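As structure tokens, the structure follows; a few thoughts come after it.
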Amino acid sequence: MKTTIKKAFIDIQKEAEWLNQQGDSGLMLIGYRNGEYEFEDVSPAKYRYVIDLPNYSGEKKKKYLAFLEQSGISVAVEYGGRVYLQKNAIDGPLELYTDKSDADKQMRKRYTHLFIIGVSQIGLGILLLVQMANYIVPKNAPFWICSVFGTLFVLSGIVFLIMGIRKQKKHAIKKEDMDVWE
């Protein structure tokens, strides 16, 4: 039986945790598009999920995914630069990155979208605030529109930047743990 669930995530880590909860309840991911997850009920089987953001494209990406297939990890879905990987829980844990530098790069990459959104909103806000200077003398409607929206864009950009920094710090590999990897 197929089930469709609409859900949106900003945090990739939370999305992977949610997918693992679905996998523990016997649902296997078979499709994803624009926030709509499609699952198939395969109870009593349980699946583990990882979301990967590979650095490869083209032939290298195909070879990488083929290597994962040989390791018992299957590609459930590819969407928007993300690769949703799954493995039957009976076959053991799903650990993708065992190298410290690869794991650290993956964590940084997961939250770059927050930085991109933050910087673009700050830039747009500053542009609107600069445009506001053209309307200072008359102080008519364009002055207030530019000042209000410019301020809101700058503030929301700052919020996204802070979210990105907090998420990276929260999920970054601690210095003590990095020494263990080496």
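Every chain in the structure tokens has a letter given in the order shown (A, B, ...), and although residue numbers restart at 1 in each chain, ligands are simply numbered from 1 in the order shown.
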Give me every strand (DSSP E or B) residue in stretch 50-161 of chain A, going by DSSP on the backbone, as a list in words.
-> Val50, Ile51, Asp52, Ser74, Val75, Ala76, Val77, Glu78, Tyr79, Arg82, Val83, Tyr84, Leu85, Gln86, Lys87 and Asn88 of chain A
Please report, as an MDAnalysis selection string, each residue of stretch 56-120 of chain A to which DSSP assigns helix (DSSP H, G or I) when run on this structure's backbone.
-> chainID A and resid 58:70 89:91 100:110 112:120
Do a neighbour search on A:Val148 at 10 Å with only C-alpha atoms, toss out local chain neighbours closer than 4 positions, and write the hits as a ChimeraX atom specification.
-> /A:125,128-129,132,142-144,152-153
Within 10 Å of A:Glu17, counting only C-alpha atoms, which residues qualify if same-chain residues fewer than 3 places away don't, as a list of chain:residue names?
-> A:Ile12, A:Gln13, A:Lys14, A:Asn20, A:Gln21, A:Gln22, A:Gly23, A:Arg48, A:Tyr49, A:Val50, A:Ile51
Which polymer residues have any atom within 9 Å of an atom of A:Met1, counting only C-alpha atoms, with same-chain residues fewer than 3 positions away left out, as number ranges by chain?
-> A: 39-42
Export N, CA and C atoms of the chosen residues as a PDB file, in the first residue's frame?
ATOM      1  N   PHE A  39       5.716   6.715   0.214  1.00  0.00           N
ATOM      2  CA  PHE A  39       6.207   5.521   0.895  1.00  0.00           C
ATOM      3  C   PHE A  39       5.382   4.314   0.486  1.00  0.00           C
ATOM      4  N   GLU A  40       6.008   3.150   0.617  1.00  0.00           N
ATOM      5  CA  GLU A  40       5.303   1.887   0.432  1.00  0.00           C
ATOM      6  C   GLU A  40       5.436   1.104   1.729  1.00  0.00           C
ATOM      7  N   ASP A  41       4.338   0.530   2.168  1.00  0.00           N
ATOM      8  CA  ASP A  41       4.351  -0.251   3.406  1.00  0.00           C
ATOM      9  C   ASP A  41       4.987  -1.613   3.138  1.00  0.00           C
ATOM     10  N   VAL A  42       6.121  -1.873   3.804  1.00  0.00           N
ATOM     11  CA  VAL A  42       6.850  -3.137   3.632  1.00  0.00           C
ATOM     12  C   VAL A  42       7.020  -3.841   4.979  1.00  0.00           C
TER      13      VAL A  42
END
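Shell of A:Gln121 at 10 Å, with only C-alpha atoms counted and residues fewer than 3 places along the chain excluded, is A:Phe115, A:Ile116, A:Ile117, A:Gly118, A:Leu124, A:Gly125, A:Ile126, A:Leu127, A:Gly150, A:Leu152, A:Phe153, A:Val154, A:Leu155, A:Ser156, A:Gly157, A:Ile158, A:Phe160, A:Leu161.
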Just the selected residues (N, CA and C atoms), exported as a PDB file, in the first residue's frame, please.
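Output saved as again39.pdb:
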ATOM      1  N   PHE A 115      23.032  30.037   4.535  1.00  0.00           N
ATOM      2  CA  PHE A 115      23.938  31.159   4.309  1.00  0.00           C
ATOM      3  C   PHE A 115      23.605  31.876   3.004  1.00  0.00           C
ATOM      4  N   ILE A 116      23.309  31.104   1.964  1.00  0.00           N
ATOM      5  CA  ILE A 116      22.986  31.706   0.666  1.00  0.00           C
ATOM      6  C   ILE A 116      21.718  32.553   0.770  1.00  0.00           C
ATOM      7  N   ILE A 117      20.698  32.029   1.427  1.00  0.00           N
ATOM      8  CA  ILE A 117      19.454  32.785   1.606  1.00  0.00           C
ATOM      9  C   ILE A 117      19.718  34.037   2.436  1.00  0.00           C
ATOM     10  N   GLY A 118      20.488  33.889   3.512  1.00  0.00           N
ATOM     11  CA  GLY A 118      20.783  35.029   4.381  1.00  0.00           C
ATOM     12  C   GLY A 118      21.529  36.132   3.664  1.00  0.00           C
ATOM     13  N   LEU A 124      19.631  42.252  -0.823  1.00  0.00           N
ATOM     14  CA  LEU A 124      18.412  42.886  -1.321  1.00  0.00           C
ATOM     15  C   LEU A 124      17.941  43.988  -0.371  1.00  0.00           C
ATOM     16  N   GLY A 125      18.035  43.737   0.924  1.00  0.00           N
ATOM     17  CA  GLY A 125      17.640  44.749   1.900  1.00  0.00           C
ATOM     18  C   GLY A 125      18.500  45.991   1.821  1.00  0.00           C
ATOM     19  N   ILE A 126      19.811  45.800   1.661  1.00  0.00           N
ATOM     20  CA  ILE A 126      20.711  46.955   1.541  1.00  0.00           C
ATOM     21  C   ILE A 126      20.412  47.719   0.262  1.00  0.00           C
ATOM     22  N   LEU A 127      20.134  46.995  -0.821  1.00  0.00           N
ATOM     23  CA  LEU A 127      19.776  47.647  -2.080  1.00  0.00           C
ATOM     24  C   LEU A 127      18.519  48.508  -1.906  1.00  0.00           C
ATOM     25  N   GLY A 150      13.233  47.042   3.068  1.00  0.00           N
ATOM     26  CA  GLY A 150      14.692  46.933   3.195  1.00  0.00           C
ATOM     27  C   GLY A 150      15.092  46.468   4.580  1.00  0.00           C
ATOM     28  N   LEU A 152      13.177  44.820   6.738  1.00  0.00           N
ATOM     29  CA  LEU A 152      12.706  43.443   6.938  1.00  0.00           C
ATOM     30  C   LEU A 152      13.620  42.433   6.254  1.00  0.00           C
ATOM     31  N   PHE A 153      14.075  42.741   5.036  1.00  0.00           N
ATOM     32  CA  PHE A 153      14.978  41.829   4.340  1.00  0.00           C
ATOM     33  C   PHE A 153      16.315  41.694   5.073  1.00  0.00           C
ATOM     34  N   VAL A 154      16.848  42.800   5.560  1.00  0.00           N
ATOM     35  CA  VAL A 154      18.117  42.736   6.298  1.00  0.00           C
ATOM     36  C   VAL A 154      17.939  41.903   7.562  1.00  0.00           C
ATOM     37  N   LEU A 155      16.863  42.138   8.299  1.00  0.00           N
ATOM     38  CA  LEU A 155      16.627  41.379   9.535  1.00  0.00           C
ATOM     39  C   LEU A 155      16.417  39.891   9.262  1.00  0.00           C
ATOM     40  N   SER A 156      15.641  39.555   8.231  1.00  0.00           N
ATOM     41  CA  SER A 156      15.428  38.127   7.940  1.00  0.00           C
ATOM     42  C   SER A 156      16.717  37.481   7.441  1.00  0.00           C
ATOM     43  N   GLY A 157      17.542  38.231   6.706  1.00  0.00           N
ATOM     44  CA  GLY A 157      18.832  37.707   6.284  1.00  0.00           C
ATOM     45  C   GLY A 157      19.729  37.396   7.464  1.00  0.00           C
ATOM     46  N   ILE A 158      19.722  38.272   8.441  1.00  0.00           N
ATOM     47  CA  ILE A 158      20.510  38.043   9.665  1.00  0.00           C
ATOM     48  C   ILE A 158      20.006  36.801  10.390  1.00  0.00           C
ATOM     49  N   PHE A 160      18.573  34.148   9.050  1.00  0.00           N
ATOM     50  CA  PHE A 160      19.027  32.967   8.311  1.00  0.00           C
ATOM     51  C   PHE A 160      20.516  32.704   8.539  1.00  0.00           C
ATOM     52  N   LEU A 161      21.320  33.762   8.574  1.00  0.00           N
ATOM     53  CA  LEU A 161      22.753  33.577   8.842  1.00  0.00           C
ATOM     54  C   LEU A 161      22.979  32.987  10.231  1.00  0.00           C
TER      55      LEU A 161
END
Test item: residues at most 8 Å from A:Val83, only C-alpha atoms, excluding those fewer than 3 positions along its chain, as a PDB file with N, CA, C and O atoms, in the first residue's frame:
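Resulting contents of selection.pdb:
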ATOM      1  N   ILE A  51      20.696  11.104   4.033  1.00  0.00           N
ATOM      2  CA  ILE A  51      20.601  12.049   2.923  1.00  0.00           C
ATOM      3  C   ILE A  51      22.024  12.500   2.615  1.00  0.00           C
ATOM      4  O   ILE A  51      22.725  13.025   3.474  1.00  0.00           O
ATOM      5  N   ASP A  52      22.433  12.277   1.380  1.00  0.00           N
ATOM      6  CA  ASP A  52      23.790  12.616   0.962  1.00  0.00           C
ATOM      7  C   ASP A  52      23.749  13.766  -0.033  1.00  0.00           C
ATOM      8  O   ASP A  52      22.813  13.879  -0.826  1.00  0.00           O
ATOM      9  N   LEU A  53      24.758  14.611   0.025  1.00  0.00           N
ATOM     10  CA  LEU A  53      24.943  15.693  -0.932  1.00  0.00           C
ATOM     11  C   LEU A  53      26.282  15.459  -1.624  1.00  0.00           C
ATOM     12  O   LEU A  53      27.291  16.046  -1.252  1.00  0.00           O
ATOM     13  N   PRO A  54      26.310  14.585  -2.621  1.00  0.00           N
ATOM     14  CA  PRO A  54      27.596  14.215  -3.208  1.00  0.00           C
ATOM     15  C   PRO A  54      28.263  15.373  -3.948  1.00  0.00           C
ATOM     16  O   PRO A  54      27.591  16.237  -4.504  1.00  0.00           O
ATOM     17  N   VAL A  75      19.832   3.584  -3.662  1.00  0.00           N
ATOM     18  CA  VAL A  75      19.359   4.950  -3.858  1.00  0.00           C
ATOM     19  C   VAL A  75      17.840   4.906  -3.908  1.00  0.00           C
ATOM     20  O   VAL A  75      17.261   4.291  -4.796  1.00  0.00           O
ATOM     21  N   ALA A  76      17.206   5.542  -2.946  1.00  0.00           N
ATOM     22  CA  ALA A  76      15.743   5.585  -2.938  1.00  0.00           C
ATOM     23  C   ALA A  76      15.250   6.649  -3.910  1.00  0.00           C
ATOM     24  O   ALA A  76      14.393   6.385  -4.747  1.00  0.00           O
ATOM     25  N   VAL A  77      15.812   7.858  -3.794  1.00  0.00           N
ATOM     26  CA  VAL A  77      15.371   8.980  -4.610  1.00  0.00           C
ATOM     27  C   VAL A  77      16.532   9.960  -4.779  1.00  0.00           C
ATOM     28  O   VAL A  77      17.349  10.114  -3.872  1.00  0.00           O
ATOM     29  N   GLU A  78      16.574  10.625  -5.917  1.00  0.00           N
ATOM     30  CA  GLU A  78      17.474  11.758  -6.140  1.00  0.00           C
ATOM     31  C   GLU A  78      16.601  12.968  -6.429  1.00  0.00           C
ATOM     32  O   GLU A  78      15.713  12.907  -7.278  1.00  0.00           O
ATOM     33  N   TYR A  79      16.864  14.068  -5.719  1.00  0.00           N
ATOM     34  CA  TYR A  79      16.056  15.254  -5.938  1.00  0.00           C
ATOM     35  C   TYR A  79      16.820  16.492  -5.467  1.00  0.00           C
ATOM     36  O   TYR A  79      17.307  16.536  -4.340  1.00  0.00           O
TER      37      TYR A  79
END
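Using only C-alpha atoms, the nearest neighbour of A:Gly35 within the list A:Cys146, A:Ala66, A:Ile122, A:Ile10 is A:Ile10.
You can rank A:Lys2, A:Ala45, A:Ala8, A:Ile90 by their closest distance to A:Gly31 using only C-alpha atoms, and at the top of that list sits A:Lys2.
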Students should find that atom CA of A:Lys6 and atom CA of A:Glu38 are spaced 8.8 Å
